[in-house]
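Engineer: Just so it is clear, I am handing over start-v4.csv, which has CSV, C-alpha atoms and all ligand atoms.
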```
chain,number,residue,atom,x,y,z
A,176,VAL,CA,0.0,0.0,0.0
A,177,SER,CA,2.5,2.5,-1.2
A,178,PRO,CA,2.6,5.9,-2.8
A,179,VAL,CA,4.5,5.7,-6.0
A,180,ILE,CA,6.0,8.8,-7.4
A,181,ARG,CA,8.5,8.8,-10.2
A,182,ARG,CA,11.4,9.4,-7.9
A,183,PHE,CA,13.9,9.4,-10.8
A,184,ALA,CA,12.1,12.4,-12.3
A,185,VAL,CA,12.6,14.3,-9.0
A,186,LEU,CA,16.3,13.5,-8.9
A,187,LEU,CA,16.7,14.5,-12.5
A,188,ALA,CA,15.0,17.8,-12.0
A,189,ALA,CA,17.5,18.6,-9.1
A,190,GLY,CA,20.3,18.1,-11.6
A,191,LEU,CA,18.5,20.4,-14.1
A,192,VAL,CA,18.3,23.3,-11.7
A,193,ALA,CA,22.1,23.2,-11.1
A,194,ALA,CA,22.7,23.2,-14.8
A,195,ALA,CA,20.3,26.1,-15.4
A,196,ALA,CA,22.4,28.3,-13.1
A,197,VAL,CA,25.2,28.3,-15.6
A,198,PRO,CA,24.6,31.2,-18.0
A,199,ALA,CA,24.1,29.9,-21.6
A,200,ALA,CA,26.4,31.2,-24.3
A,201,SER,CA,24.4,33.6,-26.4
A,202,GLN,CA,23.9,32.4,-30.0
A,203,GLU,CA,21.7,32.7,-33.0
A,204,THR,CA,18.8,30.2,-32.9
A,205,PRO,CA,19.9,27.5,-35.5
A,206,PRO,CA,17.3,26.2,-37.9
A,207,ASP,CA,15.3,23.5,-36.2
A,208,ARG,CA,16.5,20.2,-37.5
A,209,PHE,CA,13.6,18.5,-35.8
A,210,ALA,CA,10.9,20.6,-37.4
A,211,GLY,CA,9.5,17.6,-39.3
A,212,ILE,CA,9.3,15.5,-36.1
A,213,ARG,CA,7.6,18.4,-34.2
A,214,ASP,CA,5.1,18.6,-37.0
A,215,LEU,CA,4.4,14.9,-36.8
A,216,LEU,CA,3.8,15.1,-33.0
A,217,ALA,CA,1.4,18.0,-33.5
A,218,ARG,CA,-0.6,16.0,-36.1
A,219,ARG,CA,-0.5,13.0,-33.8
A,220,SER,CA,-1.9,15.0,-30.8
A,221,GLU,CA,-4.6,16.5,-32.9
A,222,ALA,CA,-5.7,13.2,-34.3
A,223,MET,CA,-5.8,11.7,-30.8
A,224,LEU,CA,-7.8,14.5,-29.4
A,225,ALA,CA,-10.2,14.5,-32.4
A,226,GLY,CA,-10.7,10.8,-32.1
A,227,ASP,CA,-9.4,10.3,-35.7
A,228,GLU,CA,-8.0,6.8,-35.7
A,229,GLU,CA,-7.0,6.8,-39.3
A,230,ALA,CA,-5.0,10.0,-39.0
A,231,PHE,CA,-3.4,8.8,-35.7
A,232,MET,CA,-2.4,5.4,-37.1
A,233,ALA,CA,-1.0,7.2,-40.2
A,234,THR,CA,1.8,8.6,-37.9
A,235,VAL,CA,2.9,5.0,-37.0
A,236,ASP,CA,5.7,3.1,-38.9
A,237,ARG,CA,4.6,-0.4,-39.8
A,238,GLY,CA,8.0,-2.1,-39.1
A,239,ASP,CA,7.1,-3.6,-35.7
A,240,PRO,CA,3.7,-5.3,-35.6
A,241,GLU,CA,3.7,-5.4,-31.8
A,242,PHE,CA,4.2,-1.6,-31.6
A,243,VAL,CA,1.5,-1.0,-34.2
A,244,LYS,CA,-0.9,-3.1,-32.2
A,245,ARG,CA,-0.1,-1.3,-29.0
A,246,GLN,CA,-0.6,2.1,-30.7
A,247,ARG,CA,-4.0,1.1,-31.8
A,248,LEU,CA,-4.9,0.0,-28.3
A,249,LEU,CA,-3.5,3.2,-26.9
A,250,PHE,CA,-5.7,5.2,-29.2
A,251,GLU,CA,-8.8,3.1,-28.6
A,252,GLY,CA,-8.4,3.2,-24.8
A,253,PHE,CA,-8.1,6.9,-24.7
A,254,ARG,CA,-11.1,7.3,-27.0
A,255,LEU,CA,-13.2,5.0,-24.8
A,256,ILE,CA,-12.3,6.8,-21.6
A,257,GLY,CA,-12.5,10.3,-23.0
A,258,LEU,CA,-9.9,13.0,-23.3
A,259,GLU,CA,-10.1,16.7,-22.5
A,260,ASP,CA,-6.5,17.5,-23.5
A,261,TYR,CA,-3.7,15.7,-25.3
A,262,ARG,CA,-0.3,17.1,-26.3
A,263,LEU,CA,3.1,15.8,-27.1
A,264,ASP,CA,6.2,18.0,-26.7
A,265,LEU,CA,9.7,17.2,-27.9
A,266,THR,CA,12.2,18.4,-25.3
A,267,PHE,CA,15.9,18.4,-24.8
A,268,GLU,CA,15.8,19.9,-21.3
A,269,TYR,CA,16.1,16.7,-19.4
A,270,TRP,CA,17.7,14.3,-21.8
A,271,PRO,CA,19.9,14.9,-24.9
A,272,GLU,CA,19.3,13.0,-28.1
A,273,LEU,CA,19.5,9.3,-27.2
A,274,THR,CA,20.2,7.7,-30.6
A,275,THR,CA,23.1,5.2,-30.7
A,276,ASP,CA,24.6,2.9,-33.3
A,277,VAL,CA,22.2,0.2,-32.3
A,278,GLU,CA,19.2,2.2,-33.8
A,279,ILE,CA,21.2,3.3,-36.9
A,280,GLU,CA,21.8,-0.4,-37.5
A,281,ARG,CA,18.3,-1.5,-36.6
A,282,TYR,CA,16.5,1.0,-38.9
A,283,GLY,CA,19.1,1.7,-41.5
A,284,GLU,CA,21.0,4.9,-42.1
A,285,GLU,CA,18.6,6.1,-44.8
A,286,ALA,CA,15.7,6.0,-42.2
A,287,GLN,CA,17.7,8.7,-40.2
A,288,PRO,CA,16.5,7.2,-36.9
A,289,HIS,CA,16.3,9.6,-33.9
A,290,VAL,CA,15.5,8.4,-30.3
A,291,LEU,CA,14.1,11.4,-28.5
A,292,HIS,CA,12.4,12.3,-25.2
A,293,VAL,CA,8.8,13.4,-25.6
A,294,GLU,CA,6.6,14.6,-22.8
A,295,GLU,CA,3.0,13.3,-23.1
A,296,ARG,CA,0.4,15.4,-21.2
A,297,TYR,CA,-3.2,14.5,-21.1
A,298,ARG,CA,-6.4,15.0,-19.1
A,299,LEU,CA,-8.9,12.3,-18.6
A,300,ALA,CA,-12.3,13.9,-19.1
A,301,GLY,CA,-13.9,14.7,-15.7
A,302,TYR,CA,-10.9,13.4,-13.6
A,303,ASP,CA,-7.7,15.3,-14.2
A,304,ARG,CA,-7.6,18.9,-13.0
A,305,GLN,CA,-4.0,19.2,-14.3
A,306,PRO,CA,-2.6,17.2,-17.1
A,307,ALA,CA,-1.1,13.8,-16.3
A,308,LEU,CA,2.5,13.5,-17.5
A,309,GLU,CA,4.3,10.5,-19.0
A,310,ASP,CA,7.8,10.5,-20.3
A,311,LEU,CA,8.1,8.8,-23.7
A,312,PHE,CA,11.3,7.7,-25.4
A,313,LEU,CA,10.2,7.5,-29.0
A,314,THR,CA,12.1,6.4,-32.1
A,315,PHE,CA,11.4,8.5,-35.2
A,316,VAL,CA,12.2,7.3,-38.7
A,317,ASN,CA,12.0,9.0,-42.1
A,318,ARG,CA,10.3,6.9,-44.8
A,319,GLU,CA,10.6,8.5,-48.2
A,320,GLY,CA,10.5,12.0,-46.8
A,321,GLU,CA,7.8,11.4,-44.2
A,322,TRP,CA,8.5,11.2,-40.5
A,323,LEU,CA,6.9,8.4,-38.5
A,324,VAL,CA,7.0,6.9,-35.0
A,325,ALA,CA,8.7,3.5,-35.1
A,326,SER,CA,9.1,2.4,-31.5
A,327,ASP,CA,8.7,3.3,-27.8
A,328,THR,CA,10.9,0.5,-26.5
A,329,ASP,CA,14.4,1.1,-28.0
A,330,LEU,CA,15.8,2.2,-24.6
A,331,ASP,CA,14.2,-0.6,-22.5
A,332,ASP,CA,17.6,-2.2,-22.2
A,333,LEU,CA,18.8,0.9,-20.4
A,334,ARG,CA,15.7,0.8,-18.2
A,335,MET,CA,14.5,4.0,-19.7
A,336,TYR,CA,10.9,3.0,-20.2
A,337,SER,CA,8.2,5.0,-22.0
A,338,GLY,CA,5.1,5.4,-19.9
A,339,ARG,CA,2.7,2.5,-20.4
A,340,LYS,CA,-1.1,2.7,-20.1
A,341,LEU,CA,-3.2,-0.1,-18.8
A,342,TRP,CA,-5.1,-0.2,-22.1
A,343,GLU,CA,-2.0,-0.9,-24.2
A,344,PHE,CA,-1.9,-4.5,-23.0
A,345,GLU,CA,-5.3,-5.5,-24.2
A,346,PRO,CA,-8.7,-3.8,-24.8
A,347,VAL,CA,-10.3,-2.5,-21.6
A,348,VAL,CA,-13.8,-1.8,-20.3
A,349,ILE,CA,-14.9,1.1,-18.2
A,350,HIS,CA,-17.5,1.6,-15.5
A,351,GLU,CA,-18.3,4.8,-13.6
A,352,SER,CA,-19.9,5.8,-10.3
A,353,GLU,CA,-20.5,9.3,-9.0
A,354,HIS,CA,-16.8,10.0,-8.2
A,355,PHE,CA,-14.9,7.1,-9.7
A,356,LEU,CA,-13.8,5.6,-13.0
A,357,TYR,CA,-13.0,1.9,-13.1
A,358,VAL,CA,-10.8,0.7,-15.9
A,359,SER,CA,-10.1,-3.0,-16.3
A,360,PRO,CA,-9.7,-5.8,-18.8
A,361,PRO,CA,-13.2,-7.3,-19.7
A,362,GLU,CA,-12.6,-10.3,-17.3
A,363,LEU,CA,-12.5,-8.0,-14.3
A,364,GLY,CA,-15.4,-5.8,-15.4
A,365,PRO,CA,-18.0,-7.7,-13.2
A,366,ARG,CA,-15.9,-6.7,-10.1
A,367,SER,CA,-16.6,-3.0,-10.8
A,368,ASP,CA,-19.9,-3.0,-8.9
A,369,PHE,CA,-18.2,-4.0,-5.7
A,370,ILE,CA,-15.1,-1.8,-6.2
A,371,LEU,CA,-17.0,1.3,-7.2
A,372,GLY,CA,-19.4,0.8,-4.3
A,373,ALA,CA,-16.5,0.3,-1.9
A,374,ALA,CA,-14.8,3.4,-3.3
A,375,GLU,CA,-17.9,5.6,-2.7
A,376,ARG,CA,-18.1,4.3,0.9
A,377,ALA,CA,-14.4,4.9,1.3
A,378,LEU,CA,-15.0,8.5,0.2
A,379,ASP,CA,-17.7,8.9,2.8
A,380,THR,CA,-15.2,7.8,5.4
A,381,LEU,CA,-12.6,10.3,4.1
A,382,ASP,CA,-15.2,13.1,4.1
A,383,GLN,CA,-15.8,12.5,7.8
A,384,GLU,CA,-12.2,11.9,8.9
A,385,TRP,CA,-9.9,14.1,6.8
A,386,PRO,CA,-10.3,17.9,7.1
A,387,GLU,CA,-8.6,19.1,3.8
A,388,ASP,CA,-10.3,19.7,0.5
A,389,TRP,CA,-9.4,17.7,-2.6
A,390,SER,CA,-10.8,16.8,-6.0
A,391,ARG,CA,-12.8,13.7,-4.9
A,392,ARG,CA,-12.7,12.2,-8.4
A,393,VAL,CA,-10.3,9.4,-9.0
A,394,PRO,CA,-9.6,6.8,-11.8
A,395,ILE,CA,-9.1,3.3,-10.5
A,396,PHE,CA,-7.0,1.1,-12.8
A,397,VAL,CA,-7.1,-2.7,-12.4
A,398,PRO,CA,-4.4,-4.5,-14.4
A,399,GLU,CA,-5.0,-8.2,-14.5
A,400,THR,CA,-1.4,-9.3,-13.6
A,401,THR,CA,1.4,-8.1,-11.4
A,402,ALA,CA,3.7,-8.1,-14.4
A,403,GLN,CA,1.4,-5.5,-16.1
A,404,LEU,CA,1.3,-3.5,-12.9
A,405,ASP,CA,5.1,-3.6,-12.7
A,406,ARG,CA,5.4,-2.2,-16.2
A,407,ILE,CA,2.9,0.6,-15.5
A,408,LEU,CA,4.6,1.6,-12.3
A,409,GLN,CA,8.2,1.0,-13.6
A,410,ALA,CA,8.8,-0.3,-10.1
A,411,THR,CA,12.3,-0.8,-8.9
A,412,PHE,CA,11.2,-2.9,-6.0
A,413,ASP,CA,9.3,-6.2,-5.5
A,414,LEU,CA,5.5,-5.7,-5.8
A,415,GLU,CA,4.6,-9.0,-4.2
A,416,VAL,CA,4.1,-7.5,-0.7
A,417,PHE,CA,1.7,-4.8,-1.9
A,418,VAL,CA,-2.0,-4.8,-2.5
A,419,ALA,CA,-2.6,-1.4,-4.1
A,420,PHE,CA,-0.8,1.9,-5.1
A,421,ALA,CA,-1.6,5.5,-5.3
A,422,TYR,CA,0.3,6.6,-8.4
A,423,SER,CA,1.2,10.1,-9.6
A,424,GLY,CA,3.7,11.7,-12.0
A,425,VAL,CA,5.9,14.7,-11.3
A,426,ASP,CA,5.6,17.6,-13.6
A,427,ARG,CA,8.9,19.3,-13.5
A,428,ALA,CA,7.7,22.2,-15.6
A,429,ARG,CA,4.9,22.9,-13.0
A,430,ASP,CA,7.1,23.4,-9.8
A,431,TRP,CA,7.3,19.7,-9.2
A,432,ASP,CA,3.5,19.4,-9.0
A,433,LEU,CA,2.3,15.9,-8.6
A,434,VAL,CA,-0.2,15.2,-11.4
A,435,GLY,CA,-2.3,12.4,-12.8
A,436,HIS,CA,-3.3,10.7,-9.6
A,437,ARG,CA,-4.6,7.2,-10.0
A,438,VAL,CA,-5.3,4.3,-7.7
A,439,ILE,CA,-3.9,1.1,-9.2
A,440,LEU,CA,-4.8,-2.3,-7.7
A,441,ASN,CA,-2.4,-5.2,-7.5
A,442,TRP,CA,-5.3,-7.5,-8.4
A,443,PRO,CA,-3.8,-10.9,-7.6
A,444,ASN,CA,-3.0,-9.7,-4.0
A,445,PHE,CA,-5.9,-7.3,-3.6
A,446,SER,CA,-8.5,-9.9,-4.5
A,447,ARG,CA,-7.2,-12.4,-2.0
A,448,ASN,CA,-8.3,-10.1,0.9
A,449,SER,CA,-11.7,-10.0,2.5
A,450,GLU,CA,-14.2,-7.4,1.2
A,451,GLU,CA,-13.9,-5.7,4.5
A,452,PHE,CA,-10.1,-5.3,4.2
A,453,GLN,CA,-10.5,-4.3,0.5
A,454,GLN,CA,-12.6,-1.4,1.8
A,455,THR,CA,-9.9,-0.4,4.2
A,456,ILE,CA,-7.3,-0.5,1.4
A,457,LEU,CA,-9.4,1.8,-0.7
A,458,VAL,CA,-9.7,4.4,2.1
A,459,HIS,CA,-5.9,4.2,2.6
A,460,GLU,CA,-5.2,4.8,-1.2
A,461,LEU,CA,-7.8,7.5,-1.5
A,462,LEU,CA,-6.2,9.3,1.5
A,463,HIS,CA,-2.9,9.2,-0.5
A,464,VAL,CA,-4.7,10.8,-3.5
A,465,ALA,CA,-6.4,13.4,-1.2
A,466,THR,CA,-3.1,14.6,0.2
A,467,ARG,CA,-1.2,14.6,-3.1
A,468,GLU,CA,-2.1,18.2,-3.8
A,469,TYR,CA,-0.3,19.2,-0.5
A,470,SER,CA,2.6,16.7,-0.8
A,471,GLY,CA,6.1,17.8,-1.7
A,472,PRO,CA,9.6,16.3,-2.4
A,473,HIS,CA,10.4,16.3,1.3
A,474,THR,CA,7.2,14.5,2.4
A,475,SER,CA,8.7,11.4,4.0
A,476,VAL,CA,7.1,8.0,3.4
A,477,PHE,CA,6.4,7.5,7.1
A,478,VAL,CA,4.3,10.6,7.1
A,479,ASP,CA,2.2,9.6,4.1
A,480,GLU,CA,1.8,6.0,5.3
A,481,GLY,CA,1.1,6.9,8.9
A,482,ILE,CA,-1.8,9.3,7.9
A,483,ALA,CA,-3.2,6.8,5.4
A,484,GLU,CA,-3.2,4.0,8.1
A,485,LEU,CA,-4.7,6.4,10.6
A,486,VAL,CA,-7.6,7.6,8.5
A,487,SER,CA,-8.3,4.1,7.1
A,488,ASN,CA,-8.4,2.9,10.7
A,489,ASP,CA,-5.9,0.1,10.0
A,490,THR,CA,-4.8,-0.2,13.6
A,491,ASP,CA,-2.7,-3.3,13.7
A,492,THR,CA,0.5,-2.9,15.8
A,493,TYR,CA,1.5,-6.6,16.3
A,494,GLU,CA,5.0,-6.2,14.9
A,495,ILE,CA,5.8,-3.3,17.4
A,496,THR,CA,4.1,-5.2,20.2
A,497,ALA,CA,6.3,-8.2,19.5
A,498,ASP,CA,9.4,-6.0,19.4
A,499,LEU,CA,8.4,-4.4,22.7
A,500,ALA,CA,7.8,-7.8,24.3
A,501,ALA,CA,11.2,-9.1,23.1
A,502,GLY,CA,13.0,-5.9,24.2
A,503,ARG,CA,14.1,-5.0,20.7
A,504,PHE,CA,11.9,-2.0,19.8
A,505,ASP,CA,14.4,0.4,18.0
A,506,ARG,CA,12.6,3.7,19.0
A,507,ALA,CA,13.4,5.0,15.5
A,508,LEU,CA,11.0,6.2,12.8
A,509,PRO,CA,11.4,4.4,9.5
A,510,ARG,CA,13.5,5.8,6.7
A,511,ASP,CA,11.9,5.8,3.2
A,512,TYR,CA,13.9,2.8,1.9
A,513,GLU,CA,12.5,0.6,4.8
A,514,PHE,CA,9.1,0.6,3.1
A,515,ILE,CA,10.3,-1.2,0.0
A,516,THR,CA,13.3,-3.3,1.0
A,517,GLY,CA,13.8,-6.1,3.5
A,518,GLU,CA,11.6,-8.9,4.8
A,519,GLN,CA,7.8,-8.6,4.6
A,520,SER,CA,7.6,-8.4,8.4
A,521,ASP,CA,10.1,-5.4,8.4
A,522,ILE,CA,8.0,-3.6,5.8
A,523,ILE,CA,4.9,-4.2,7.9
A,524,GLN,CA,6.7,-3.0,10.9
A,525,SER,CA,7.6,0.3,9.1
A,526,TYR,CA,3.9,0.8,8.4
A,527,GLN,CA,2.9,0.1,12.0
A,528,GLU,CA,5.6,2.6,13.2
A,529,SER,CA,4.2,5.2,10.8
A,530,TYR,CA,0.7,4.6,12.0
A,531,THR,CA,1.6,4.9,15.7
A,532,ALA,CA,3.6,8.1,15.0
A,533,MET,CA,0.6,9.7,13.4
A,534,ARG,CA,-1.7,8.2,16.1
A,535,PHE,CA,0.5,9.7,18.8
A,536,ALA,CA,0.5,13.1,17.0
A,537,THR,CA,-3.3,13.0,16.7
A,538,VAL,CA,-3.9,12.0,20.3
A,539,ASN,CA,-1.6,14.8,21.6
A,540,PHE,CA,-2.2,17.6,19.1
A,541,GLY,CA,-5.4,16.8,17.2
A,542,LEU,CA,-6.1,15.8,13.6
A,543,ASP,CA,-6.2,19.4,12.4
A,544,ALA,CA,-2.7,19.9,13.6
A,545,VAL,CA,-1.6,16.7,11.8
A,546,ALA,CA,-3.2,18.1,8.6
A,547,ASP,CA,-1.4,21.4,9.1
A,548,PHE,CA,1.9,19.6,9.6
A,549,TYR,CA,1.4,17.7,6.4
A,550,ARG,CA,0.6,20.9,4.4
A,551,ILE,CA,3.5,22.8,5.8
A,552,LEU,CA,5.9,19.9,5.1
A,553,GLY,CA,4.7,19.8,1.5
A,554,GLU,CA,5.3,23.5,0.9
A,555,ALA,CA,9.1,23.0,1.0
A,556,ARG,CA,10.0,22.6,-2.7
A,557,LEU,CA,13.6,23.0,-4.0
A,558,ALA,CA,14.8,24.0,-0.6
A,559,PRO,CA,18.2,23.1,0.9
A,560,GLY,CA,18.2,20.5,3.7
A,561,THR,CA,17.5,16.8,4.0
A,562,SER,CA,13.9,15.5,4.3
A,563,ARG,CA,14.5,14.9,8.0
A,564,TYR,CA,15.4,18.6,8.3
A,565,HIS,CA,12.1,19.6,6.6
A,566,VAL,CA,10.0,17.1,8.6
A,567,GLY,CA,11.6,18.6,11.7
A,568,ARG,CA,10.8,22.1,10.6
A,569,ALA,CA,7.1,21.3,10.0
A,570,MET,CA,7.0,19.5,13.4
A,571,GLU,CA,8.4,22.6,15.1
A,572,ALA,CA,5.8,24.7,13.4
A,573,THR,CA,2.8,22.6,14.3
A,574,PHE,CA,3.7,20.4,17.3
A,575,ASP,CA,6.4,22.6,18.8
A,576,LEU,CA,8.8,19.6,18.8
A,577,SER,CA,12.0,19.0,16.9
A,578,PHE,CA,12.4,15.8,15.0
A,579,PRO,CA,14.4,14.1,17.8
A,580,GLU,CA,12.0,15.3,20.4
A,581,PHE,CA,9.0,14.0,18.4
A,582,GLU,CA,10.7,10.7,17.8
A,583,GLU,CA,11.6,10.3,21.5
A,584,ALA,CA,8.0,11.3,22.6
A,585,TRP,CA,6.5,8.8,20.1
A,586,ALA,CA,8.7,6.0,21.3
A,587,GLU,CA,7.8,6.6,24.9
A,588,TRP,CA,4.1,6.8,24.0
A,589,ALA,CA,4.4,3.5,22.1
A,590,GLU,CA,6.1,1.8,25.1
A,591,ASP,CA,3.4,3.1,27.4
A,592,ASN,CA,0.4,2.3,25.2
A,593,LEU,CA,1.1,-0.8,23.1
B,1,ZN,ZN,0.2,3.6,1.4
```
Can the structure in the file be given as structure tokens, please?
Structural biologist:
Amino acid sequence: VSPVIRRFAVLLAAGLVAAAAVPAASQETPPDRFAGIRDLLARRSEAMLAGDEEAFMATVDRGDPEFVKRQRLLFEGFRLIGLEDYRLDLTFEYWPELTTDVEIERYGEEAQPHVLHVEERYRLAGYDRQPALEDLFLTFVNREGEWLVASDTDLDDLRMYSGRKLWEFEPVVIHESEHFLYVSPPELGPRSDFILGAAERALDTLDQEWPEDWSRRVPIFVPETTAQLDRILQATFDLEVFVAFAYSGVDRARDWDLVGHRVILNWPNFSRNSEEFQQTILVHELLHVATREYSGPHTSVFVDEGIAELVSNDTDTYEITADLAAGRFDRALPRDYEFITGEQSDIIQSYQESYTAMRFATVNFGLDAVADFYRILGEARLAPGTSRYHVGRAMEATFDLSFPEFEEAWAEWAEDNL
């Protein structure tokens, strides 16, 4: 039950800011050697938004049947779900041209292959306030004077993956309730009744328990296999422990805004749980989405997870209780990596420590103060200092405790109360 944000994008943006501080040598703007490719991207975006399948598919090279098939699925999925905006921007701000000898050999010199970074921004009708952002690494080829898109997987061997949509694996079906959009393969369509009902009930819980305003409209994606989920999330950790994710992209051009919030279920794991626990999971994930607008690069995982466990009322503390009984409670709040690495019991312990930390804060300072703490912490953007420093600053502002004081008080509270 983990918030997934494209961390690599965050790190990369940090590098960018340093580079931008170096004054650029003034020079004449050279003629744009990529004008033909930019033109192709504009036609492609237009066709996507207009729902013109023929015009969209006319931008696709026919060399790789798998890619052609995926492109058709991409188009059809977007058309089914409904788009308010769609645009593709070629950019060299984050990556240079990525073409190597491999592509020259693969496509031939006369095709003039270029592997380039393209930002895909889109808004799902009725759900995305800001455009969702995916990084695409597209190969462009020139066939008899005409530019076409030939591939989005040429950099997979470097682990530079193009964003992959659920509907690129196979055709999907959609179901909607008042606040939620359910997207799944046809086989899981019949589960939409329960999931959408549970999501609406989860929203009622959130409305009662969480004081901050948020969009309250969320797409729920349900890939059939963990392998598909893995490809969508581009996860760098083992997904087997997890039941669901709140997923967002980071838009570097919008002050690191988190955009395109979705709840994605790890169906093989999620469906193994009781309906009651599935309900709890949905509250947890919706809380992640509800706080995304206030989240920032220094929002530690224990803060996110603690608040989500608190609001979803997932009150298990057996790992801590066992540690206390055995005299091995470490009195330390978990670091971010402790949520994705180690034994399953260690990961569960990290969640339980997070929950008790936010429980402790709520008991002592009230839920409104916890919400204030979260918002103040999220306001720190490209600010100097470690995340621990920023967490400490927000704790000082709202609880009047430094990080070490908070950690000490929480550990004592846990020893006295668990
Ligand atoms: Zn979580």
Engineer: For Leu308 of chain A, work out the shell of residues within 8 Å, counting only C-alpha atoms and skipping chain neighbours fewer than 5 positions away, then give it as a PDB file with C-alpha atoms, in the coordinates of the input.
Structural biologist:
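Final output, around-v3.pdb:
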```pdb
ATOM      1  CA  GLU A 294       6.600  14.600 -22.800  1.00  0.00           C
ATOM      2  CA  GLU A 295       3.000  13.300 -23.100  1.00  0.00           C
ATOM      3  CA  ARG A 296       0.400  15.400 -21.200  1.00  0.00           C
ATOM      4  CA  TYR A 297      -3.200  14.500 -21.100  1.00  0.00           C
ATOM      5  CA  GLY A 424       3.700  11.700 -12.000  1.00  0.00           C
ATOM      6  CA  VAL A 425       5.900  14.700 -11.300  1.00  0.00           C
ATOM      7  CA  ASP A 426       5.600  17.600 -13.600  1.00  0.00           C
ATOM      8  CA  VAL A 434      -0.200  15.200 -11.400  1.00  0.00           C
ATOM      9  CA  GLY A 435      -2.300  12.400 -12.800  1.00  0.00           C
TER      10      GLY A 435
END
```
Engineer: Which of these, A:Lys340, A:Arg213, A:Arg467, A:Arg318, has the shortest distance to ligand ZN 1 (chain B) once you count all atoms listed in the file?
Structural biologist: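 Ranked by minimum distance to ligand ZN 1 (chain B), first place goes to A:Arg467.
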Engineer: Which value, in Å to one decimal, gives the distance between atom CA of Gly252 of chain A and atom CA of Val416 of chain A?
Structural biologist: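 A separation of 29.2 Å between them.
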Engineer: Any idea what's packed within 10 Å of Glu528 of chain A, counting only C-alpha atoms, ignoring anything in its chain fewer than 4 positions away? Could you give it as a ChimeraX atom specification?
Structural biologist: /A:477,480-481,492,494-495,506-509,522-524,532-534,585-586,589
Engineer: One number please: atom CA of Leu433 of chain A to atom CA of Ala555 of chain A, in Å, one decimal.
Structural biologist: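 Here the two named atoms are 13.7 Å from each other.
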Engineer: Identify which of the residues A:Met232, A:Leu414, A:Leu263, A:Val538 lies closest to Thr401 of chain A, counting all atoms listed in the file when measuring atom-to-atom distances.
Structural biologist: A:Leu414
Engineer: When distances are computed from all atoms listed in the file, which of A:Phe242, A:Trp389, A:Phe315, A:Phe369 shows the smallest separation from Phe344 of chain A?
Structural biologist: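 Comparing A:Phe242, A:Trp389, A:Phe315, A:Phe369 against Phe344 of chain A, the winner is A:Phe242.
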Engineer: With a distance cut-off of 12 Å and all atoms listed in the file, select the neighbouring residues of Tyr302 of chain A, excluding the residue or stretch itself and same-chain residues fewer than 6 positions from it, and output the selection as a list in words.
Structural biologist: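 After dropping sequence-adjacent residues, the list is Ile256, Gly257, Leu258, Glu259, Asp260, Glu351, Glu353, His354, Phe355, Leu356, Tyr357, Trp389, Ser390, Arg391, Arg392, Val393, Pro394, Ile395, Val434, Gly435, His436 and Arg437 of chain A.
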Engineer: Atom CA of Asp382 of chain A to atom CA of Val358 of chain A: how many Å, to one decimal?
Structural biologist: 23.9 Å
Engineer: With 6 Å as the threshold, what does the neighbourhood of (-5.9, 0.7, -23.5) contain in terms of residues, counting all atoms listed in the file? Coordinates are those of the file; answer as JSON, numbers by chain.
Structural biologist: {"A": [248, 249, 252, 341, 342, 343, 346, 347]}
Engineer: Could you write out that same residue set with C-alpha atoms as an mmCIF file, in the frame of the given file?
Structural biologist:
```cif
data_model
loop_
_atom_site.group_PDB
_atom_site.id
_atom_site.type_symbol
_atom_site.label_atom_id
_atom_site.label_comp_id
_atom_site.auth_asym_id
_atom_site.auth_seq_id
_atom_site.Cartn_x
_atom_site.Cartn_y
_atom_site.Cartn_z
ATOM 1 C CA LEU A 248 -4.900 0.000 -28.300
ATOM 2 C CA LEU A 249 -3.500 3.200 -26.900
ATOM 3 C CA GLY A 252 -8.400 3.200 -24.800
ATOM 4 C CA LEU A 341 -3.200 -0.100 -18.800
ATOM 5 C CA TRP A 342 -5.100 -0.200 -22.100
ATOM 6 C CA GLU A 343 -2.000 -0.900 -24.200
ATOM 7 C CA PRO A 346 -8.700 -3.800 -24.800
ATOM 8 C CA VAL A 347 -10.300 -2.500 -21.600
#
```
Engineer: Could you check the closest approach to Gly211 of chain A for each of A:Asp405, A:Asp303, A:Asp388, A:Glu321 and tell me which residue wins, using only C-alpha atoms?
Structural biologist: A:Glu321
Engineer: Between A:Arg503, A:Arg219, A:Arg550, A:Arg427, single out the one closest to Ala465 of chain A, counting only C-alpha atoms.
Structural biologist: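 Distance minimum relative to Ala465 of chain A lands on A:Arg550.
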Engineer: Using only C-alpha atoms, give me every residue within 12 Å of (11.4, -9.1, 15.7) in file coordinates, as a ChimeraX atom specification.
Structural biologist: /A:493-505,518-524
Engineer: Find the nearest atom pair between each residue of segment 223-319 of chain A and segment 324-335 of chain A for residues within 6 Å, count only C-alpha atoms, give distances in Å to one decimal, sort rows by chain and ascending number, and present the table as a tab-separated table.
Structural biologist:
```
residue	atom	partner	partner_atom	distance
A:Val235	CA	A:Val324	CA	4.9
A:Asp236	CA	A:Ala325	CA	4.9
A:Phe312	CA	A:Asp327	CA	5.6
A:Leu313	CA	A:Asp327	CA	4.6
A:Thr314	CA	A:Ser326	CA	5.0
A:Phe315	CA	A:Val324	CA	4.7
```
Engineer: Closest to Glu345 of chain A among A:Asn441, A:Gln287, A:Gln246, A:Asn592, using all atoms listed in the file?
Structural biologist: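 Residue with the minimum atom-to-atom distance to Glu345 of chain A: A:Gln246.
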